[in-house]
>>> print(open('structure.txt').read())   # compact mmCIF, C-alpha atoms
# COMPACT_ATOMS: atom_id res chain seq x y z
CA MET A 1 22.73 6.68 33.34
CA THR A 2 23.11 3.80 35.74
CA ASN A 3 22.67 0.21 34.71
CA GLU A 4 19.42 0.08 36.64
CA GLN A 5 18.08 3.05 34.72
CA ILE A 6 19.09 1.57 31.39
CA LEU A 7 17.26 -1.64 32.14
CA ALA A 8 14.18 0.30 33.23
CA GLU A 9 14.25 2.30 29.98
CA ILE A 10 14.53 -0.87 27.90
CA ARG A 11 11.63 -2.41 29.77
CA GLU A 12 9.55 0.69 29.17
CA ALA A 13 10.38 0.82 25.47
CA ASN A 14 9.47 -2.87 25.17
CA LEU A 15 6.22 -2.31 26.97
CA THR A 16 5.29 0.69 24.83
CA TYR A 17 6.16 -1.24 21.69
CA LEU A 18 4.12 -4.29 22.67
CA MET A 19 1.10 -2.24 23.67
CA LEU A 20 1.21 -0.21 20.46
CA ALA A 21 1.60 -3.38 18.41
CA GLN A 22 -1.39 -4.97 20.13
CA THR A 23 -3.54 -1.91 19.53
CA LEU A 24 -2.56 -1.79 15.86
CA ILE A 25 -3.18 -5.50 15.31
CA ARG A 26 -6.55 -5.47 17.04
CA GLN A 27 -7.65 -2.42 15.09
CA ASP A 28 -6.65 -3.66 11.64
CA LYS A 29 -4.42 -6.68 11.26
CA ALA A 30 -3.45 -6.10 7.63
CA GLU A 31 -2.40 -2.51 8.24
CA ALA A 32 -0.53 -3.60 11.35
CA VAL A 33 1.41 -6.23 9.42
CA PHE A 34 2.53 -3.50 7.02
CA ARG A 35 3.34 -0.95 9.71
CA LEU A 36 5.14 -3.34 12.04
CA GLY A 37 6.85 -5.40 9.34
CA MET A 38 5.98 -8.71 10.93
CA ASN A 39 4.21 -11.74 9.54
CA GLU A 40 0.60 -12.64 10.20
CA GLU A 41 1.46 -15.50 12.57
CA SER A 42 3.52 -13.29 14.86
CA ALA A 43 0.78 -10.69 14.72
CA ASP A 44 -1.79 -13.27 15.82
CA ILE A 45 0.40 -14.42 18.69
CA LEU A 46 1.11 -10.87 19.80
CA ALA A 47 -2.57 -9.90 19.73
CA SER A 48 -3.52 -12.87 21.89
CA LEU A 49 -1.08 -12.08 24.72
CA SER A 50 -2.58 -11.20 28.09
CA ALA A 51 -1.44 -8.16 30.07
CA ALA A 52 0.62 -10.38 32.39
CA GLN A 53 2.31 -12.04 29.42
CA VAL A 54 3.08 -8.65 27.88
CA MET A 55 4.64 -7.51 31.16
CA LYS A 56 6.75 -10.61 31.36
CA LEU A 57 7.84 -10.33 27.74
CA ALA A 58 8.80 -6.68 28.22
CA SER A 59 10.97 -7.37 31.27
CA ARG A 60 14.15 -8.30 29.52
CA ASN A 61 17.56 -6.74 29.21
CA THR A 62 17.30 -6.57 25.41
CA LEU A 63 14.96 -4.68 23.13
CA LEU A 64 12.16 -6.61 21.42
CA CYS A 65 11.83 -4.48 18.31
CA SER A 66 14.64 -4.35 15.81
CA PHE A 67 15.80 -1.73 13.34
CA ARG A 68 14.11 -1.88 9.94
CA VAL A 69 16.38 0.49 8.05
CA ASP A 70 19.36 -1.73 7.45
CA ASP A 71 20.83 -0.59 4.19
CA ASN A 72 22.85 2.47 3.37
CA LEU A 73 20.62 3.78 0.63
CA VAL A 74 17.38 3.83 2.63
CA TRP A 75 19.30 5.27 5.53
CA SER A 76 20.68 8.14 3.49
CA LEU A 77 17.36 8.75 1.75
CA LEU A 78 15.52 9.05 5.03
CA THR A 79 18.08 11.34 6.59
CA ASN A 80 18.49 13.35 3.37
CA HIS A 81 22.23 12.80 3.32
CA SER A 82 22.15 11.36 -0.14
CA ALA A 83 25.48 11.31 -1.93
CA LYS A 84 23.86 11.89 -5.28
CA LYS A 85 22.21 15.22 -5.79
CA VAL A 86 19.04 14.18 -7.60
CA GLY A 87 15.90 14.51 -5.58
CA ASN A 88 14.57 16.47 -2.66
CA ASP A 89 12.65 15.68 0.51
CA ALA A 90 9.57 14.41 -1.29
CA THR A 91 11.31 12.21 -3.85
CA ASN A 92 13.67 10.84 -1.21
CA THR A 93 10.78 9.95 1.08
CA LEU A 94 8.92 8.24 -1.75
CA HIS A 95 12.06 6.42 -2.86
CA ALA A 96 12.67 5.16 0.66
CA ASN A 97 9.02 4.09 0.95
CA ILE A 98 9.22 2.20 -2.32
CA LEU A 99 12.40 0.43 -1.22
CA MET A 100 10.97 -0.49 2.17
CA ALA A 101 7.68 -1.73 0.71
CA SER A 102 9.69 -3.88 -1.73
CA ARG A 103 10.96 -5.98 1.17
CA VAL A 104 8.36 -8.67 1.19
CA SER A 105 10.73 -11.07 2.96
CA GLU A 106 9.81 -9.32 6.25
CA VAL A 107 6.35 -10.84 6.24
CA LEU A 108 7.03 -14.29 4.80
CA MET B 1 -13.53 -13.03 -3.24
CA SER B 2 -15.26 -15.91 -1.47
CA SER B 3 -18.51 -14.01 -1.07
CA THR B 4 -18.68 -13.10 -4.76
CA THR B 5 -18.11 -16.66 -5.90
CA THR B 6 -20.72 -18.06 -3.55
CA ALA B 7 -23.16 -15.42 -4.72
CA ALA B 8 -22.63 -16.44 -8.32
CA LYS B 9 -23.33 -20.07 -7.49
CA ALA B 10 -26.14 -19.61 -4.99
CA PRO B 11 -29.56 -20.13 -6.61
CA VAL B 12 -31.44 -18.53 -3.70
CA LYS B 13 -31.02 -14.81 -3.11
CA SER B 14 -29.38 -14.18 0.23
CA VAL B 15 -30.40 -11.00 2.01
CA LEU B 16 -27.33 -11.20 4.19
CA ASN B 17 -25.03 -11.45 1.20
CA GLU B 18 -26.80 -8.59 -0.51
CA SER B 19 -26.29 -6.34 2.47
CA LYS B 20 -22.60 -7.25 2.45
CA GLN B 21 -22.44 -6.38 -1.23
CA ILE B 22 -24.12 -3.02 -0.65
CA GLU B 23 -21.73 -2.24 2.17
CA ARG B 24 -18.78 -3.13 -0.05
CA ALA B 25 -20.11 -1.04 -2.94
CA ALA B 26 -20.70 1.91 -0.62
CA MET B 27 -17.13 1.74 0.63
CA LEU B 28 -15.80 1.58 -2.91
CA ILE B 29 -17.91 4.58 -3.98
CA GLN B 30 -16.61 6.57 -1.04
CA MET B 31 -13.06 5.80 -2.11
CA GLY B 32 -13.83 7.21 -5.55
CA ALA B 33 -14.36 4.01 -7.52
CA ARG B 34 -16.00 4.33 -10.93
CA MET B 35 -18.84 2.15 -12.20
CA GLN B 36 -16.53 -0.33 -13.93
CA VAL B 37 -14.85 -1.12 -10.59
CA LEU B 38 -18.20 -1.56 -8.84
CA GLU B 39 -19.54 -3.84 -11.54
CA SER B 40 -16.44 -5.97 -11.41
CA GLU B 41 -16.05 -6.21 -7.64
CA THR B 42 -19.66 -6.58 -6.48
CA THR B 43 -22.57 -8.76 -7.61
CA LEU B 44 -25.16 -5.94 -7.51
CA SER B 45 -27.07 -5.06 -10.67
CA TYR B 46 -26.14 -2.02 -12.74
CA GLU B 47 -29.39 -0.24 -11.81
CA ARG B 48 -28.89 -0.74 -8.09
CA LEU B 49 -25.29 0.42 -8.35
CA ILE B 50 -26.37 3.60 -10.12
CA ARG B 51 -28.95 4.34 -7.43
CA LEU B 52 -26.45 3.64 -4.70
CA TYR B 53 -23.85 5.80 -6.41
CA LYS B 54 -26.23 8.76 -6.65
CA GLU B 55 -27.25 8.37 -3.04
CA ILE B 56 -23.69 8.30 -1.73
CA ALA B 57 -21.80 10.57 -4.12
CA GLY B 58 -24.73 12.94 -4.67
CA LYS B 59 -24.20 12.91 -8.44
CA SER B 60 -24.39 10.57 -11.39
CA PRO B 61 -21.31 8.42 -12.00
CA SER B 62 -18.94 9.57 -14.75
CA LYS B 63 -19.76 7.99 -18.06
CA GLY B 64 -17.45 6.62 -20.66
CA GLN B 65 -14.77 4.01 -20.76
CA LEU B 66 -11.77 3.78 -18.52
CA PRO B 67 -8.41 4.61 -20.06
CA PHE B 68 -7.16 1.31 -21.44
CA SER B 69 -3.49 2.08 -21.99
CA THR B 70 -0.63 0.89 -19.79
CA ASP B 71 1.42 3.96 -20.77
CA TRP B 72 0.06 6.12 -17.96
CA PHE B 73 1.74 3.93 -15.35
CA LEU B 74 5.10 4.19 -17.05
CA THR B 75 5.61 7.95 -17.26
CA TRP B 76 8.00 9.32 -14.66
CA GLN B 77 5.86 10.81 -11.91
CA GLU B 78 2.99 8.37 -12.40
CA ASN B 79 5.42 5.46 -12.26
CA ILE B 80 6.69 6.48 -8.85
CA HIS B 81 3.16 6.62 -7.46
CA SER B 82 2.18 3.36 -9.17
CA SER B 83 5.28 1.56 -7.93
CA LEU B 84 4.69 2.71 -4.36
CA PHE B 85 1.09 1.51 -4.45
CA LEU B 86 1.89 -1.80 -6.11
CA ASN B 87 4.68 -2.55 -3.65
CA ILE B 88 2.33 -1.96 -0.73
CA TYR B 89 -0.29 -4.11 -2.46
CA GLU B 90 2.14 -6.99 -3.02
CA TYR B 91 3.47 -6.64 0.51
CA LEU B 92 -0.04 -7.04 1.92
CA SER B 93 -0.98 -9.82 -0.46
CA LYS B 94 2.07 -11.84 0.59
CA GLY B 95 1.76 -10.99 4.26
CA VAL B 96 -1.95 -11.31 5.04
CA ASP B 97 -4.83 -13.43 3.88
CA LEU B 98 -7.36 -10.92 2.47
CA ASP B 99 -9.98 -10.94 -0.27
CA SER B 100 -9.30 -8.87 -3.38
CA VAL B 101 -11.42 -5.85 -2.43
CA GLU B 102 -9.99 -5.64 1.09
CA LEU B 103 -6.50 -5.93 -0.31
CA LEU B 104 -7.11 -3.13 -2.77
CA THR B 105 -8.76 -0.75 -0.31
CA LYS B 106 -6.23 -1.30 2.48
CA ALA B 107 -3.28 -0.93 0.12
CA TYR B 108 -4.83 2.23 -1.31
CA ARG B 109 -5.35 3.76 2.14
CA LEU B 110 -1.73 3.06 3.08
CA TYR B 111 -0.55 4.53 -0.22
CA ASN B 112 -2.58 7.68 0.41
CA GLU B 113 -1.15 7.98 3.87
CA GLN B 114 2.44 7.69 2.67
CA VAL B 115 1.92 10.23 -0.10
CA ALA B 116 0.35 12.63 2.38
CA THR B 117 3.41 12.27 4.63
CA ALA B 118 5.61 13.28 1.71
CA GLU B 119 3.30 16.28 1.17
CA ILE B 120 2.40 15.32 -2.36
CA GLU B 121 -0.98 14.98 -4.06
CA PRO B 122 -2.10 11.35 -4.52
CA LEU B 123 -1.76 11.12 -8.27
CA LEU B 124 -3.05 7.58 -8.44
CA SER B 125 -6.83 7.51 -8.11
CA PHE B 126 -8.57 4.48 -6.64
CA THR B 127 -9.87 3.44 -10.06
CA ARG B 128 -6.36 3.76 -11.52
CA ALA B 129 -4.99 1.63 -8.70
CA TRP B 130 -7.60 -1.03 -9.44
CA ARG B 131 -6.73 -0.83 -13.10
CA LEU B 132 -3.04 -1.26 -12.33
CA VAL B 133 -3.72 -4.44 -10.37
CA LYS B 134 -5.82 -5.75 -13.28
CA PHE B 135 -3.01 -4.98 -15.74
CA VAL B 136 -0.55 -6.85 -13.55
CA ASP B 137 -2.94 -9.81 -13.16
CA ALA B 138 -3.36 -9.91 -16.93
CA GLY B 139 0.40 -9.94 -17.41
CA MET B 140 0.44 -6.60 -19.21
CA LEU B 141 2.61 -4.88 -16.60
CA THR B 142 4.98 -6.26 -14.01
CA ARG B 143 7.50 -5.19 -11.38
CA THR B 144 11.21 -5.08 -12.16
CA LYS B 145 14.07 -4.66 -9.74
CA CYS B 146 16.14 -1.51 -10.27
CA SER B 147 19.77 -2.46 -10.89
CA GLN B 148 20.98 0.44 -8.72
CA CYS B 149 18.70 0.71 -5.70
CA SER B 150 17.11 -2.78 -5.96
CA GLY B 151 13.65 -1.37 -5.37
CA GLN B 152 10.74 -2.85 -7.32
CA PHE B 153 9.20 -0.64 -10.00
CA VAL B 154 6.23 -0.98 -12.34
CA THR B 155 7.52 -1.75 -15.84
CA GLU B 156 6.56 -3.49 -19.03
CA LEU B 157 7.38 -7.17 -19.28
CA TYR B 158 10.89 -8.27 -20.22
CA GLU B 159 12.64 -5.10 -19.10
CA ASN B 160 16.38 -5.70 -19.45
CA ARG B 161 18.50 -6.57 -16.45
CA HIS B 162 20.26 -3.20 -16.43
CA PHE B 163 16.97 -1.44 -15.76
CA THR B 164 17.34 1.68 -13.60
CA CYS B 165 14.34 3.33 -12.00
CA GLY B 166 13.14 6.90 -12.52
CA LEU B 167 14.42 7.91 -9.10
CA CYS B 168 17.98 6.65 -9.53
CA ASN B 169 18.18 8.03 -13.04
CA PRO B 170 15.45 10.59 -13.76
CA PRO B 171 14.79 11.37 -17.43
CA ALA B 172 15.90 14.83 -18.60
CA ARG B 173 12.45 16.38 -18.58
CA ALA B 174 11.32 14.88 -15.28
CA GLY B 175 10.40 16.91 -12.23
CA LYS B 176 9.76 20.21 -14.01
CA SER B 177 6.01 20.28 -13.42
CA LYS B 178 4.67 23.50 -11.92
CA THR B 179 1.40 21.98 -10.74
CA ALA B 180 0.80 22.20 -7.00
CA GLY B 181 1.45 18.92 -5.25
CA ALA B 182 3.42 17.54 -8.17
CA LEU B 183 6.70 15.78 -7.68
CA MET B 184 9.67 18.05 -8.42
CA LEU B 185 13.40 17.53 -8.50
CA HIS B 186 15.81 19.95 -6.77
>>> encode(input="structure.txt", output="structure tokens")
Amino acid sequence: MTNEQILAEIREANLTYLMLAQTLIRQDKAEAVFRLGMNEESADILASLSAAQVMKLASRNTLLCSFRVDDNLVWSLLTNHSAKKVGNDATNTLHANILMASRVSEVL
Amino acid sequence: MSSTTTAAKAPVKSVLNESKQIERAAMLIQMGARMQVLESETTLSYERLIRLYKEIAGKSPSKGQLPFSTDWFLTWQENIHSSLFLNIYEYLSKGVDLDSVELLTKAYRLYNEQVATAEIEPLLSFTRAWRLVKFVDAGMLTRTKCSQCSGQFVTELYENRHFTCGLCNPPARAGKSKTAGALMLH
């Protein structure tokens, strides 16, 4: 992949992310806050952006969305590579969901 | 919440407010709320609620009291469902400015969605979820951080600091249920 292509892919991912986020926020802000893991203020700002602003925001050489799974346990639960042998798909999914929903700091 | 408090204070009956209340009650009935929830969360009279209930659900509401014990939320499988719901509820309550009914219904929908993704039956009914929030508000249940995974779980008050959750350390008899849609281990 050439550098040009990489930049184009990043721009496209940013654009897709921003458009999805706007749709979610406009449909139901509370749900969107939970799904996107962003606070209400950012959600309000994002929803109010015009198409031109979204385009401009997307045209960067870095990604706008960041990774939400940042600890080892959630990571291993979601990929089912848990070191400990208790649990199966369902319990691991629920455990990961409980851990991720515990992170209120995301929205403060 | 604001609409209920203004309704309680307002001396004149507002048609607009009443229609809001009916809409709210209808939504709650559709989500499976029992009469106690409707009476607590709307300002409509008991008779009107009964009529509305019959019209929407097509049957009379279940009679009798709600289970009043906190124990249900603390057994293994139930605790996992309760903790998931309560975490979503707290997440929304910290993150967005919503009234109590909106908070409850949105959190419950998200809970249902997550359980469906894990291909498990939603064990926590809407009325139970409401009850859980009431227990937490009344200080009869709380959330405690698991010492191993640091997730928040529904517990009694004053759980000791070495508390481990039912998923990090399942009790011996947990996960043996043969019921379809139940949570199993292994």
>>> interface_residues(input="structure.txt", of="chain A", to="chain B", cutoff="10 Å", atoms="all atoms listed in the file", output="short mmCIF file (atom, residue, chain, number, x, y, z; two decimals) with C-alpha atoms, in the coordinates of the input")
data_model
loop_
_atom_site.label_atom_id
_atom_site.label_comp_id
_atom_site.auth_asym_id
_atom_site.auth_seq_id
_atom_site.Cartn_x
_atom_site.Cartn_y
_atom_site.Cartn_z
CA ASP A 28 -6.65 -3.66 11.64
CA LYS A 29 -4.42 -6.68 11.26
CA ALA A 30 -3.45 -6.10 7.63
CA GLU A 31 -2.40 -2.51 8.24
CA VAL A 33 1.41 -6.23 9.42
CA PHE A 34 2.53 -3.50 7.02
CA ARG A 35 3.34 -0.95 9.71
CA GLY A 37 6.85 -5.40 9.34
CA MET A 38 5.98 -8.71 10.93
CA ASN A 39 4.21 -11.74 9.54
CA GLU A 40 0.60 -12.64 10.20
CA GLU A 41 1.46 -15.50 12.57
CA LEU A 73 20.62 3.78 0.63
CA VAL A 74 17.38 3.83 2.63
CA LYS A 84 23.86 11.89 -5.28
CA LYS A 85 22.21 15.22 -5.79
CA VAL A 86 19.04 14.18 -7.60
CA GLY A 87 15.90 14.51 -5.58
CA ASN A 88 14.57 16.47 -2.66
CA ASP A 89 12.65 15.68 0.51
CA ALA A 90 9.57 14.41 -1.29
CA THR A 91 11.31 12.21 -3.85
CA ASN A 92 13.67 10.84 -1.21
CA THR A 93 10.78 9.95 1.08
CA LEU A 94 8.92 8.24 -1.75
CA HIS A 95 12.06 6.42 -2.86
CA ALA A 96 12.67 5.16 0.66
CA ASN A 97 9.02 4.09 0.95
CA ILE A 98 9.22 2.20 -2.32
CA LEU A 99 12.40 0.43 -1.22
CA MET A 100 10.97 -0.49 2.17
CA ALA A 101 7.68 -1.73 0.71
CA SER A 102 9.69 -3.88 -1.73
CA ARG A 103 10.96 -5.98 1.17
CA VAL A 104 8.36 -8.67 1.19
CA SER A 105 10.73 -11.07 2.96
CA GLU A 106 9.81 -9.32 6.25
CA VAL A 107 6.35 -10.84 6.24
CA LEU A 108 7.03 -14.29 4.80
#
>>> atom_distance(input="structure.txt", atom1="CA of Asn61 (chain A)", atom2="CA of Ile10 (chain A)")
6.7 Å
>>> atom_distance(input="structure.txt", atom1="CA of Ser69 (chain B)", atom2="CA of Leu28 (chain B)")
22.7 Å
>>> atom_distance(input="structure.txt", atom1="CA of Tyr158 (chain B)", atom2="CA of Phe73 (chain B)")
16.0 Å
>>> residues_near_point(input="structure.txt", point="(12.6, -8.0, 30.2)", cutoff="10 Å", atoms="all atoms listed in the file", output="list in words")
Leu7, Ala8, Ile10, Arg11, Glu12, Asn14, Leu15, Val54, Met55, Lys56, Leu57, Ala58, Ser59, Arg60, Asn61, Thr62, Leu63 and Leu64 of chain A
>>> write_last_selection(input="structure.txt", atoms="C-alpha atoms", output="PDB file, in the coordinates of the input")
ATOM      1  CA  LEU A   7      17.260  -1.640  32.140  1.00  0.00           C
ATOM      2  CA  ALA A   8      14.180   0.300  33.230  1.00  0.00           C
ATOM      3  CA  ILE A  10      14.530  -0.870  27.900  1.00  0.00           C
ATOM      4  CA  ARG A  11      11.630  -2.410  29.770  1.00  0.00           C
ATOM      5  CA  GLU A  12       9.550   0.690  29.170  1.00  0.00           C
ATOM      6  CA  ASN A  14       9.470  -2.870  25.170  1.00  0.00           C
ATOM      7  CA  LEU A  15       6.220  -2.310  26.970  1.00  0.00           C
ATOM      8  CA  VAL A  54       3.080  -8.650  27.880  1.00  0.00           C
ATOM      9  CA  MET A  55       4.640  -7.510  31.160  1.00  0.00           C
ATOM     10  CA  LYS A  56       6.750 -10.610  31.360  1.00  0.00           C
ATOM     11  CA  LEU A  57       7.840 -10.330  27.740  1.00  0.00           C
ATOM     12  CA  ALA A  58       8.800  -6.680  28.220  1.00  0.00           C
ATOM     13  CA  SER A  59      10.970  -7.370  31.270  1.00  0.00           C
ATOM     14  CA  ARG A  60      14.150  -8.300  29.520  1.00  0.00           C
ATOM     15  CA  ASN A  61      17.560  -6.740  29.210  1.00  0.00           C
ATOM     16  CA  THR A  62      17.300  -6.570  25.410  1.00  0.00           C
ATOM     17  CA  LEU A  63      14.960  -4.680  23.130  1.00  0.00           C
ATOM     18  CA  LEU A  64      12.160  -6.610  21.420  1.00  0.00           C
TER      19      LEU A  64
END
>>> axis_aligned_box(input="structure.txt", around="region 51-54 of chain A", padding_each_side="6 Å", output="AutoDock Vina command-line options")
--center_x 0.8 --center_y -10.1 --center_z 30.1 --size_x 16.5 --size_y 15.9 --size_z 16.5
>>> closest_residue(input="structure.txt", among="A:Leu36, A:Ile45, A:Ala51, A:Leu78", to="Tyr17 (chain A)", atoms="all atoms listed in the file")
A:Leu36
>>> closest_residue(input="structure.txt", among="A:Cys65, A:Ala32, A:Ala21, A:Ala13", to="Leu46 (chain A)", atoms="only C-alpha atoms")
A:Ala21
>>> closest_residue(input="structure.txt", among="B:Glu78, B:Glu23, B:Glu39, B:Glu18", to="Ala129 (chain B)", atoms="only C-alpha atoms")
B:Glu78
>>> closest_residue(input="structure.txt", among="B:Val101, B:Val15, B:Leu66, B:Leu132", to="Thr42 (chain B)", atoms="all atoms listed in the file")
B:Val101
